[in-house]
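Next comes structure-v7.cif, with mmCIF, C-alpha atoms.
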```
data_coords
loop_
_atom_site.group_PDB
_atom_site.id
_atom_site.type_symbol
_atom_site.label_atom_id
_atom_site.label_comp_id
_atom_site.auth_asym_id
_atom_site.auth_seq_id
_atom_site.Cartn_x
_atom_site.Cartn_y
_atom_site.Cartn_z
ATOM 1 C CA MET A 107 96.077 81.556 67.969
ATOM 2 C CA THR A 108 97.447 78.643 69.934
ATOM 3 C CA GLY A 109 101.075 79.540 70.444
ATOM 4 C CA THR A 110 103.242 82.571 70.965
ATOM 5 C CA ALA A 111 106.651 83.661 69.813
ATOM 6 C CA GLU A 112 109.438 83.559 72.331
ATOM 7 C CA PRO A 113 110.000 86.852 74.151
ATOM 8 C CA THR A 114 112.828 88.958 72.770
ATOM 9 C CA ALA A 115 114.367 89.314 76.221
ATOM 10 C CA ARG A 116 113.976 88.408 79.872
ATOM 11 C CA TRP A 117 114.723 90.648 82.814
ATOM 12 C CA VAL A 118 114.779 90.032 86.566
ATOM 13 C CA SER A 119 114.071 92.762 89.109
ATOM 14 C CA ALA A 120 115.973 93.396 92.302
ATOM 15 C CA ARG A 121 113.278 91.442 94.132
ATOM 16 C CA GLY A 122 113.690 88.466 91.794
ATOM 17 C CA ILE A 123 110.600 89.096 89.649
ATOM 18 C CA SER A 124 111.034 87.692 86.140
ATOM 19 C CA LEU A 125 109.608 89.575 83.159
ATOM 20 C CA GLU A 126 109.232 88.448 79.552
ATOM 21 C CA ILE A 127 109.850 91.414 77.239
ATOM 22 C CA ARG A 128 108.619 91.923 73.683
ATOM 23 C CA GLY A 129 108.682 94.844 71.272
ATOM 24 C CA ALA A 130 109.458 98.534 71.637
ATOM 25 C CA GLY A 131 107.327 101.564 72.395
ATOM 26 C CA ALA A 132 105.061 102.692 75.206
ATOM 27 C CA PRO A 133 105.327 100.303 78.165
ATOM 28 C CA VAL A 134 102.639 97.729 78.939
ATOM 29 C CA LEU A 135 102.687 95.469 82.005
ATOM 30 C CA LEU A 136 100.577 92.292 81.912
ATOM 31 C CA LEU A 137 99.614 90.466 85.123
ATOM 32 C CA HIS A 138 98.455 86.850 84.820
ATOM 33 C CA GLY A 139 95.769 85.011 86.762
ATOM 34 C CA ILE A 140 96.166 82.836 89.838
ATOM 35 C CA GLY A 141 96.555 79.651 87.781
ATOM 36 C CA GLY A 142 98.869 81.067 85.136
ATOM 37 C CA SER A 143 102.284 82.593 84.538
ATOM 38 C CA ALA A 144 103.925 85.030 82.156
ATOM 39 C CA SER A 145 103.423 82.707 79.201
ATOM 40 C CA ALA A 146 99.631 82.847 79.675
ATOM 41 C CA CYS A 147 99.817 86.526 78.687
ATOM 42 C CA GLY A 148 102.197 85.793 75.807
ATOM 43 C CA PRO A 149 99.646 85.552 72.971
ATOM 44 C CA LEU A 150 98.124 88.923 73.877
ATOM 45 C CA ALA A 151 101.553 90.485 74.404
ATOM 46 C CA GLU A 152 102.639 89.272 70.983
ATOM 47 C CA VAL A 153 99.729 91.062 69.291
ATOM 48 C CA LEU A 154 100.269 94.281 71.259
ATOM 49 C CA SER A 155 104.031 94.359 70.731
ATOM 50 C CA ALA A 156 103.513 93.917 66.982
ATOM 51 C CA ARG A 157 101.446 97.119 67.077
ATOM 52 C CA GLY A 158 104.237 99.223 68.545
ATOM 53 C CA TYR A 159 104.226 98.622 72.296
ATOM 54 C CA ARG A 160 106.867 97.284 74.660
ATOM 55 C CA THR A 161 105.209 94.539 76.682
ATOM 56 C CA TYR A 162 106.332 93.124 80.003
ATOM 57 C CA CYS A 163 104.671 89.881 81.152
ATOM 58 C CA TRP A 164 105.452 89.137 84.752
ATOM 59 C CA ASP A 165 105.823 85.868 86.547
ATOM 60 C CA ALA A 166 104.255 86.773 89.874
ATOM 61 C CA PRO A 167 106.290 86.007 92.993
ATOM 62 C CA GLY A 168 106.423 82.230 93.374
ATOM 63 C CA TYR A 169 105.367 81.626 89.757
ATOM 64 C CA GLY A 170 107.346 80.654 86.681
ATOM 65 C CA ARG A 171 110.918 81.939 86.818
ATOM 66 C CA SER A 172 110.321 84.389 89.684
ATOM 67 C CA ALA A 173 111.651 83.975 93.202
ATOM 68 C CA ASP A 174 109.282 82.793 95.913
ATOM 69 C CA PRO A 175 107.528 85.436 98.023
ATOM 70 C CA ALA A 176 109.910 86.362 100.796
ATOM 71 C CA PRO A 177 108.759 87.428 104.271
ATOM 72 C CA GLY A 178 111.283 90.219 104.855
ATOM 73 C CA ALA A 179 109.918 93.701 105.371
ATOM 74 C CA ASP A 180 106.561 92.755 103.867
ATOM 75 C CA GLY A 181 105.728 90.362 106.681
ATOM 76 C CA PRO A 182 104.848 86.676 106.221
ATOM 77 C CA ALA A 183 104.417 85.414 102.665
ATOM 78 C CA GLU A 184 100.754 84.765 103.508
ATOM 79 C CA ARG A 185 100.273 88.545 103.731
ATOM 80 C CA TYR A 186 102.373 89.410 100.711
ATOM 81 C CA ASP A 187 101.343 92.705 99.108
ATOM 82 C CA HIS A 188 101.444 92.038 95.372
ATOM 83 C CA ALA A 189 100.140 95.519 94.584
ATOM 84 C CA ALA A 190 103.080 97.120 96.384
ATOM 85 C CA VAL A 191 105.455 94.842 94.477
ATOM 86 C CA VAL A 192 103.928 95.894 91.144
ATOM 87 C CA ALA A 193 104.173 99.575 92.073
ATOM 88 C CA GLU A 194 107.808 99.029 92.981
ATOM 89 C CA LEU A 195 108.348 97.205 89.690
ATOM 90 C CA ILE A 196 106.907 100.096 87.659
ATOM 91 C CA THR A 197 109.391 102.419 89.350
ATOM 92 C CA GLU A 198 112.231 100.013 88.657
ATOM 93 C CA LEU A 199 111.259 99.907 84.980
ATOM 94 C CA GLY A 200 111.809 103.647 84.787
ATOM 95 C CA GLY A 201 108.739 105.165 86.407
ATOM 96 C CA GLU A 202 107.011 106.156 83.170
ATOM 97 C CA PRO A 203 103.217 105.826 83.416
ATOM 98 C CA ILE A 204 102.389 102.359 82.185
ATOM 99 C CA HIS A 205 99.478 100.643 80.479
ATOM 100 C CA LEU A 206 98.450 98.054 83.067
ATOM 101 C CA ILE A 207 96.591 94.883 82.066
ATOM 102 C CA GLY A 208 95.434 92.323 84.604
ATOM 103 C CA THR A 209 93.446 89.158 84.069
ATOM 104 C CA SER A 210 91.436 87.581 86.901
ATOM 105 C CA TRP A 211 93.638 87.770 90.038
ATOM 106 C CA GLY A 212 96.023 89.957 88.056
ATOM 107 C CA GLY A 213 93.164 92.392 87.563
ATOM 108 C CA VAL A 214 92.575 92.593 91.306
ATOM 109 C CA ILE A 215 96.226 93.510 91.758
ATOM 110 C CA ALA A 216 96.053 95.996 88.891
ATOM 111 C CA THR A 217 92.981 97.687 90.375
ATOM 112 C CA ALA A 218 94.726 98.138 93.704
ATOM 113 C CA VAL A 219 97.800 99.565 91.977
ATOM 114 C CA ALA A 220 95.763 102.014 89.901
ATOM 115 C CA ALA A 221 93.746 103.225 92.899
ATOM 116 C CA ALA A 222 96.816 103.809 95.065
ATOM 117 C CA ASN A 223 99.233 105.061 92.388
ATOM 118 C CA PRO A 224 97.283 107.128 89.844
ATOM 119 C CA ALA A 225 100.368 108.843 88.441
ATOM 120 C CA SER A 226 101.923 105.482 87.546
ATOM 121 C CA VAL A 227 99.082 104.072 85.441
ATOM 122 C CA ARG A 228 98.425 105.405 81.925
ATOM 123 C CA SER A 229 95.459 103.091 81.400
ATOM 124 C CA LEU A 230 93.900 100.100 83.132
ATOM 125 C CA VAL A 231 92.512 96.961 81.473
ATOM 126 C CA LEU A 232 90.696 94.389 83.618
ATOM 127 C CA ALA A 233 90.019 91.079 81.880
ATOM 128 C CA ASP A 234 87.656 88.546 83.483
ATOM 129 C CA SER A 235 88.402 90.064 86.850
ATOM 130 C CA THR A 236 86.679 90.682 90.154
ATOM 131 C CA ARG A 237 86.774 92.819 93.280
ATOM 132 C CA GLY A 238 88.599 90.013 95.087
ATOM 133 C CA SER A 239 87.408 87.180 97.303
ATOM 134 C CA GLY A 240 87.289 89.363 100.388
ATOM 135 C CA VAL A 241 83.811 90.607 99.460
ATOM 136 C CA ASN A 242 82.296 88.086 101.871
ATOM 137 C CA THR A 243 83.310 85.310 104.251
ATOM 138 C CA ASP A 244 82.169 82.432 102.052
ATOM 139 C CA ARG A 245 84.233 83.535 99.078
ATOM 140 C CA ALA A 246 87.264 84.176 101.253
ATOM 141 C CA GLN A 247 87.010 80.746 102.823
ATOM 142 C CA GLY A 248 86.516 79.123 99.429
ATOM 143 C CA MET A 249 89.634 80.802 98.092
ATOM 144 C CA ARG A 250 91.741 79.761 101.076
ATOM 145 C CA ALA A 251 90.454 76.182 100.741
ATOM 146 C CA ARG A 252 92.144 75.970 97.356
ATOM 147 C CA ILE A 253 95.535 76.114 99.059
ATOM 148 C CA GLY A 254 94.842 72.833 100.841
ATOM 149 C CA GLU A 255 93.509 71.287 97.633
ATOM 150 C CA LEU A 256 96.691 72.151 95.763
ATOM 151 C CA ARG A 257 98.847 70.832 98.610
ATOM 152 C CA GLU A 258 96.886 67.566 98.742
ATOM 153 C CA LEU A 259 96.414 66.915 95.025
ATOM 154 C CA GLY A 260 99.568 68.371 93.519
ATOM 155 C CA GLY A 261 99.624 70.642 90.497
ATOM 156 C CA PRO A 262 98.658 68.241 87.676
ATOM 157 C CA ALA A 263 95.616 66.755 89.446
ATOM 158 C CA PHE A 264 94.582 70.176 90.748
ATOM 159 C CA ALA A 265 94.678 71.534 87.201
ATOM 160 C CA ALA A 266 92.856 68.558 85.733
ATOM 161 C CA ALA A 267 89.968 69.181 88.146
ATOM 162 C CA ARG A 268 89.737 72.930 87.516
ATOM 163 C CA ALA A 269 91.176 74.046 84.201
ATOM 164 C CA ARG A 270 88.342 73.092 81.878
ATOM 165 C CA ARG A 271 86.027 75.575 83.636
ATOM 166 C CA LEU A 272 88.349 78.383 82.575
ATOM 167 C CA VAL A 273 87.612 78.079 78.863
ATOM 168 C CA SER A 274 84.521 78.237 76.686
ATOM 169 C CA PRO A 275 82.678 75.054 75.654
ATOM 170 C CA ASP A 276 83.955 75.475 72.091
ATOM 171 C CA CYS A 277 87.548 76.240 73.045
ATOM 172 C CA ASP A 278 90.229 74.844 70.743
ATOM 173 C CA ASP A 279 91.694 71.707 72.304
ATOM 174 C CA GLU A 280 95.247 72.973 71.992
ATOM 175 C CA ILE A 281 94.420 76.153 73.880
ATOM 176 C CA ALA A 282 92.526 74.198 76.549
ATOM 177 C CA ARG A 283 95.569 71.960 77.027
ATOM 178 C CA ALA A 284 97.815 75.025 77.313
ATOM 179 C CA VAL A 285 95.579 76.511 80.002
ATOM 180 C CA GLU A 286 95.653 73.244 81.963
ATOM 181 C CA SER A 287 99.414 72.924 81.522
ATOM 182 C CA GLU A 288 99.912 76.411 82.940
ATOM 183 C CA MET A 289 97.881 75.585 86.019
ATOM 184 C CA ALA A 290 99.634 72.237 86.492
ATOM 185 C CA ARG A 291 102.934 74.075 86.982
ATOM 186 C CA VAL A 292 101.830 76.420 89.790
ATOM 187 C CA ARG A 293 103.996 76.310 92.901
ATOM 188 C CA LEU A 294 102.473 76.127 96.350
ATOM 189 C CA SER A 295 104.493 79.110 97.577
ATOM 190 C CA GLY A 296 103.187 81.435 94.888
ATOM 191 C CA TYR A 297 99.641 80.088 94.957
ATOM 192 C CA THR A 298 99.421 80.424 98.742
ATOM 193 C CA ALA A 299 100.422 84.089 98.657
ATOM 194 C CA ALA A 300 98.069 84.730 95.720
ATOM 195 C CA ALA A 301 95.087 83.024 97.355
ATOM 196 C CA GLU A 302 95.677 84.882 100.616
ATOM 197 C CA PHE A 303 95.861 88.161 98.721
ATOM 198 C CA MET A 304 92.561 87.364 97.018
ATOM 199 C CA ALA A 305 90.882 86.214 100.230
ATOM 200 C CA SER A 306 91.836 89.408 102.056
ATOM 201 C CA THR A 307 91.034 91.840 99.228
ATOM 202 C CA ASP A 308 87.845 93.674 98.318
ATOM 203 C CA THR A 309 88.597 96.485 95.893
ATOM 204 C CA GLY A 310 84.960 97.599 95.892
ATOM 205 C CA PRO A 311 85.443 100.597 98.196
ATOM 206 C CA SER A 312 88.372 101.887 96.100
ATOM 207 C CA LEU A 313 86.864 101.536 92.616
ATOM 208 C CA ALA A 314 85.620 105.118 92.592
ATOM 209 C CA ALA A 315 89.215 106.257 93.208
ATOM 210 C CA VAL A 316 90.520 104.722 89.972
ATOM 211 C CA ALA A 317 91.413 107.696 87.786
ATOM 212 C CA ALA A 318 93.085 105.927 84.868
ATOM 213 C CA PRO A 319 91.103 105.413 81.659
ATOM 214 C CA THR A 320 89.715 101.922 82.201
ATOM 215 C CA LEU A 321 88.463 99.114 80.001
ATOM 216 C CA VAL A 322 86.717 96.103 81.523
ATOM 217 C CA LEU A 323 86.623 92.992 79.331
ATOM 218 C CA VAL A 324 85.063 89.604 79.959
ATOM 219 C CA GLY A 325 84.547 86.402 78.034
ATOM 220 C CA ALA A 326 80.880 85.866 77.245
ATOM 221 C CA ASP A 327 81.186 82.280 78.511
ATOM 222 C CA ASP A 328 83.029 83.104 81.741
ATOM 223 C CA ILE A 329 81.525 80.973 84.522
ATOM 224 C CA VAL A 330 84.323 81.652 87.026
ATOM 225 C CA THR A 331 84.093 85.368 87.815
ATOM 226 C CA GLY A 332 81.218 85.957 85.401
ATOM 227 C CA VAL A 333 79.877 88.728 83.207
ATOM 228 C CA ASP A 334 77.857 90.351 85.997
ATOM 229 C CA GLU A 335 80.949 90.935 88.137
ATOM 230 C CA SER A 336 82.729 92.603 85.227
ATOM 231 C CA ARG A 337 79.714 94.821 84.592
ATOM 232 C CA LEU A 338 79.806 95.796 88.268
ATOM 233 C CA LEU A 339 83.461 96.820 87.916
ATOM 234 C CA ALA A 340 82.723 98.851 84.797
ATOM 235 C CA ASP A 341 79.775 100.586 86.445
ATOM 236 C CA ALA A 342 81.737 101.459 89.579
ATOM 237 C CA ILE A 343 84.940 102.776 87.979
ATOM 238 C CA PRO A 344 84.423 106.357 86.736
ATOM 239 C CA GLY A 345 84.186 106.480 82.948
ATOM 240 C CA ALA A 346 85.092 102.820 82.473
ATOM 241 C CA ARG A 347 84.210 101.077 79.243
ATOM 242 C CA PHE A 348 82.877 97.547 78.984
ATOM 243 C CA GLY A 349 83.579 94.934 76.315
ATOM 244 C CA LEU A 350 82.338 91.391 75.792
ATOM 245 C CA ILE A 351 84.639 88.813 74.177
ATOM 246 C CA LEU A 352 82.435 86.375 72.289
ATOM 247 C CA GLY A 353 83.404 82.711 72.180
ATOM 248 C CA ALA A 354 85.667 82.994 75.208
ATOM 249 C CA GLY A 355 85.506 81.887 78.815
ATOM 250 C CA HIS A 356 87.448 83.056 81.841
ATOM 251 C CA ALA A 357 90.763 82.636 80.028
ATOM 252 C CA ALA A 358 89.704 85.086 77.309
ATOM 253 C CA ILE A 359 93.175 86.547 76.808
ATOM 254 C CA GLN A 360 94.406 83.077 75.839
ATOM 255 C CA GLU A 361 91.357 81.967 73.861
ATOM 256 C CA LYS A 362 90.854 85.215 71.951
ATOM 257 C CA PRO A 363 94.035 87.328 72.112
ATOM 258 C CA THR A 364 93.435 89.064 68.787
ATOM 259 C CA GLU A 365 89.886 90.069 69.701
ATOM 260 C CA THR A 366 91.008 91.150 73.163
ATOM 261 C CA ALA A 367 93.810 93.241 71.675
ATOM 262 C CA ALA A 368 91.375 94.943 69.277
ATOM 263 C CA HIS A 369 89.361 96.298 72.217
ATOM 264 C CA ILE A 370 92.517 97.453 73.994
ATOM 265 C CA LEU A 371 94.063 99.097 70.952
ATOM 266 C CA ARG A 372 90.894 101.110 70.320
ATOM 267 C CA LEU A 373 91.161 102.566 73.810
ATOM 268 C CA TRP A 374 94.848 103.365 73.450
ATOM 269 C CA LYS A 375 94.348 104.958 70.046
ATOM 270 C CA GLU A 376 91.865 107.386 71.569
ATOM 271 C CA LEU A 377 94.242 108.191 74.412
ATOM 272 C CA ASP A 378 96.973 109.083 71.918
ATOM 273 C CA ARG A 379 94.853 111.592 69.996
#
```
Could the structure of this file be written out as structure tokens, please?
Amino acid sequence: MTGTAEPTARWVSARGISLEIRGAGAPVLLLHGIGGSASACGPLAEVLSARGYRTYCWDAPGYGRSADPAPGADGPAERYDHAAVVAELITELGGEPIHLIGTSWGGVIATAVAAANPASVRSLVLADSTRGSGVNTDRAQGMRARIGELRELGGPAFAAARARRLVSPDCDDEIARAVESEMARVRLSGYTAAAEFMASTDTGPSLAAVAAPTLVLVGADDIVTGVDESRLLADAIPGARFGLILGAGHAAIQEKPTETAAHILRLWKELDR
């Protein structure tokens, strides 16, 4: 699956967060990775919406069609609290408990939301995710160094140097180009806030507090966050399930959206019994 149908609608929150909307039914919020945007979640959202769910794919602050992170009451953009923004967004969407899906950085945000707001999260899906880069000094410094790389190289060169590592060795060329194109369009404002969030976050101590039914998925060929990190998440979150997406790398939701959706739909079917 290399493309995705256009969303049926777009909506912008009071904070200027843009959402792509598809389908009707129980609400699902999809959070993209640090090098993506709403359209990166589009193929997965298309499959889920066709099965009777209303999907919302966000452009994170400073990404895609969303407004840049604003200092305001949250403090400097470098200390922007994406988890608080997502919790606020869920309330603005009506407050109904939501199925929350996060890939990579989006999964770090989703974990923080689920731990702090258990009543707001119907289920949690973490795809190719991590505890954050705040687990040790080296990882935090490495994440912050990316900000300077993006500033120096610009989006297209930054993506050309990094994007191929996000997909499996056998990834379809069209999908690989789409992944690189997504990364080439990242804005420094959004990426800076995202990288700072990652560098300052370690969700490890809060994993045991996640009460939502949780599914942890990872591409078998993920060399970015890796299979071991996903297994750690699944082991630490009470009752979490683990699934391996064969033939996919870090960008599993783009490489294998149908297979990813099959795992997710099995979980949701059991929840609805």
Distance of CA of Val316 (chain A) from CA of Thr217 (chain A), expressed in Å to one decimal place: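 Atom-to-atom, CA of Thr217 (chain A) to CA of Val316 (chain A), that is 7.5 Å.
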Option closest in space to His356 (chain A), from A:Ile215, A:Ala144, A:Ala225, A:Val285 [counting all atoms listed in the file]: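 Looking only at the distances to His356 (chain A), the closest residue turns out to be A:Val285.
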Residue with smallest distance to Ala265 (chain A) - pool A:Met304, A:Val322, A:Ala299, A:Ala284, counting only C-alpha atoms: A:Ala284
Protein and nucleic acid residues near (86.0, 80.3, 82.6) (cut-off 10 Å, only C-alpha atoms) as a list in words: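 Protein and nucleic acid residues near the point are Asp234, Arg268, Ala269, Arg270, Arg271, Leu272, Val273, Ser274, Pro275, Val324, Gly325, Ala326, Asp327, Asp328, Ile329, Val330, Thr331, Gly332, Ala354, Gly355, His356, Ala357 and Ala358 of chain A.
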Write the residues you've just listed into a file as a compact mmCIF listing (two decimals), in the coordinates of the input, and include C-alpha atoms for each of them.
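Saved file result.txt follows:
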```txt
# COMPACT_ATOMS: atom_id res chain seq x y z
CA ASP A 234 87.66 88.55 83.48
CA ARG A 268 89.74 72.93 87.52
CA ALA A 269 91.18 74.05 84.20
CA ARG A 270 88.34 73.09 81.88
CA ARG A 271 86.03 75.58 83.64
CA LEU A 272 88.35 78.38 82.58
CA VAL A 273 87.61 78.08 78.86
CA SER A 274 84.52 78.24 76.69
CA PRO A 275 82.68 75.05 75.65
CA VAL A 324 85.06 89.60 79.96
CA GLY A 325 84.55 86.40 78.03
CA ALA A 326 80.88 85.87 77.24
CA ASP A 327 81.19 82.28 78.51
CA ASP A 328 83.03 83.10 81.74
CA ILE A 329 81.53 80.97 84.52
CA VAL A 330 84.32 81.65 87.03
CA THR A 331 84.09 85.37 87.82
CA GLY A 332 81.22 85.96 85.40
CA ALA A 354 85.67 82.99 75.21
CA GLY A 355 85.51 81.89 78.82
CA HIS A 356 87.45 83.06 81.84
CA ALA A 357 90.76 82.64 80.03
CA ALA A 358 89.70 85.09 77.31
```
Can you translate the PyMOL selection byres ((chain A and resi 163) around 10) into the concrete residues it hits in this file, as a PDB file with C-alpha atoms, in the frame of the given file?
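The result, written out as selection.pdb:
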```
ATOM      1  CA  PRO A 113     110.000  86.852  74.151  1.00  0.00           C
ATOM      2  CA  ARG A 116     113.976  88.408  79.872  1.00  0.00           C
ATOM      3  CA  SER A 124     111.034  87.692  86.140  1.00  0.00           C
ATOM      4  CA  LEU A 125     109.608  89.575  83.159  1.00  0.00           C
ATOM      5  CA  GLU A 126     109.232  88.448  79.552  1.00  0.00           C
ATOM      6  CA  ILE A 127     109.850  91.414  77.239  1.00  0.00           C
ATOM      7  CA  ARG A 128     108.619  91.923  73.683  1.00  0.00           C
ATOM      8  CA  VAL A 134     102.639  97.729  78.939  1.00  0.00           C
ATOM      9  CA  LEU A 135     102.687  95.469  82.005  1.00  0.00           C
ATOM     10  CA  LEU A 136     100.577  92.292  81.912  1.00  0.00           C
ATOM     11  CA  LEU A 137      99.614  90.466  85.123  1.00  0.00           C
ATOM     12  CA  HIS A 138      98.455  86.850  84.820  1.00  0.00           C
ATOM     13  CA  SER A 143     102.284  82.593  84.538  1.00  0.00           C
ATOM     14  CA  ALA A 144     103.925  85.030  82.156  1.00  0.00           C
ATOM     15  CA  SER A 145     103.423  82.707  79.201  1.00  0.00           C
ATOM     16  CA  ALA A 146      99.631  82.847  79.675  1.00  0.00           C
ATOM     17  CA  CYS A 147      99.817  86.526  78.687  1.00  0.00           C
ATOM     18  CA  GLY A 148     102.197  85.793  75.807  1.00  0.00           C
ATOM     19  CA  LEU A 150      98.124  88.923  73.877  1.00  0.00           C
ATOM     20  CA  ALA A 151     101.553  90.485  74.404  1.00  0.00           C
ATOM     21  CA  THR A 161     105.209  94.539  76.682  1.00  0.00           C
ATOM     22  CA  TYR A 162     106.332  93.124  80.003  1.00  0.00           C
ATOM     23  CA  TRP A 164     105.452  89.137  84.752  1.00  0.00           C
ATOM     24  CA  ASP A 165     105.823  85.868  86.547  1.00  0.00           C
ATOM     25  CA  ALA A 166     104.255  86.773  89.874  1.00  0.00           C
ATOM     26  CA  ILE A 207      96.591  94.883  82.066  1.00  0.00           C
TER      27      ILE A 207
END
```
Distance criterion (only C-alpha atoms): nearest to Ile351 (chain A) out of A:Val292, A:Ala115, A:Ala233, A:Met249: A:Ala233
Nearest to Ile253 (chain A), chosen from A:Arg337, A:Arg171, A:His188, A:Arg293, with only C-alpha atoms counted in the distances: A:Arg293
Resolved residues for the PyMOL selection byres ((chain A and resi 345) around 10) as a list in words: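 Answer for the PyMOL selection byres ((chain A and resi 345) around 10): Ala314, Val316, Ala317, Ala318, Pro319, Thr320, Leu321, Ala340, Asp341, Ala342, Ile343, Pro344, Ala346, Arg347 and Phe348 of chain A.
Going from CA of Ser119 (chain A) to CA of Ala216 (chain A) covers 18.3 Å.
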Evaluate the PyMOL selection byres ((chain A and resi 377) around 12) and report residues as a PyMOL selection string: chain A and resi 205+228-230+318-320+370-376+378-379
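You can rank A:Cys277, A:Val214, A:Ile196, A:Val227 by their closest distance to Gln360 (chain A) using only C-alpha atoms, and at the top of that list sits A:Cys277.
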With N, CA and C atoms as the target, complete region 343-354 of chain A and hand it back as a PDB file, in the frame of the given file.
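See part_16.pdb below for the written result:
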```pdb
ATOM      1  N   ILE A 343      83.731 102.005  88.284  1.00  0.00           N
ATOM      2  CA  ILE A 343      84.940 102.776  87.979  1.00  0.00           C
ATOM      3  C   ILE A 343      84.549 103.958  87.092  1.00  0.00           C
ATOM      4  N   PRO A 344      84.858 105.177  87.499  1.00  0.00           N
ATOM      5  CA  PRO A 344      84.423 106.357  86.736  1.00  0.00           C
ATOM      6  C   PRO A 344      84.861 106.311  85.272  1.00  0.00           C
ATOM      7  N   GLY A 345      83.889 106.410  84.371  1.00  0.00           N
ATOM      8  CA  GLY A 345      84.186 106.480  82.948  1.00  0.00           C
ATOM      9  C   GLY A 345      84.631 105.189  82.299  1.00  0.00           C
ATOM     10  N   ALA A 346      84.591 104.082  83.019  1.00  0.00           N
ATOM     11  CA  ALA A 346      85.092 102.820  82.473  1.00  0.00           C
ATOM     12  C   ALA A 346      84.233 102.344  81.311  1.00  0.00           C
ATOM     13  N   ARG A 347      84.894 101.695  80.370  1.00  0.00           N
ATOM     14  CA  ARG A 347      84.210 101.077  79.243  1.00  0.00           C
ATOM     15  C   ARG A 347      84.095  99.581  79.488  1.00  0.00           C
ATOM     16  N   PHE A 348      83.134  98.976  78.816  1.00  0.00           N
ATOM     17  CA  PHE A 348      82.877  97.547  78.984  1.00  0.00           C
ATOM     18  C   PHE A 348      82.900  96.869  77.621  1.00  0.00           C
ATOM     19  N   GLY A 349      83.540  95.692  77.557  1.00  0.00           N
ATOM     20  CA  GLY A 349      83.579  94.934  76.315  1.00  0.00           C
ATOM     21  C   GLY A 349      83.378  93.454  76.568  1.00  0.00           C
ATOM     22  N   LEU A 350      82.631  92.817  75.692  1.00  0.00           N
ATOM     23  CA  LEU A 350      82.338  91.391  75.792  1.00  0.00           C
ATOM     24  C   LEU A 350      83.131  90.659  74.713  1.00  0.00           C
ATOM     25  N   ILE A 351      83.864  89.623  75.112  1.00  0.00           N
ATOM     26  CA  ILE A 351      84.639  88.813  74.177  1.00  0.00           C
ATOM     27  C   ILE A 351      83.835  87.558  73.861  1.00  0.00           C
ATOM     28  N   LEU A 352      83.271  87.511  72.668  1.00  0.00           N
ATOM     29  CA  LEU A 352      82.435  86.375  72.289  1.00  0.00           C
ATOM     30  C   LEU A 352      83.281  85.127  72.048  1.00  0.00           C
ATOM     31  N   GLY A 353      82.714  83.971  72.406  1.00  0.00           N
ATOM     32  CA  GLY A 353      83.404  82.711  72.180  1.00  0.00           C
ATOM     33  C   GLY A 353      84.567  82.469  73.115  1.00  0.00           C
ATOM     34  N   ALA A 354      84.571  83.147  74.247  1.00  0.00           N
ATOM     35  CA  ALA A 354      85.667  82.994  75.208  1.00  0.00           C
ATOM     36  C   ALA A 354      85.108  82.802  76.602  1.00  0.00           C
TER      37      ALA A 354
END
```
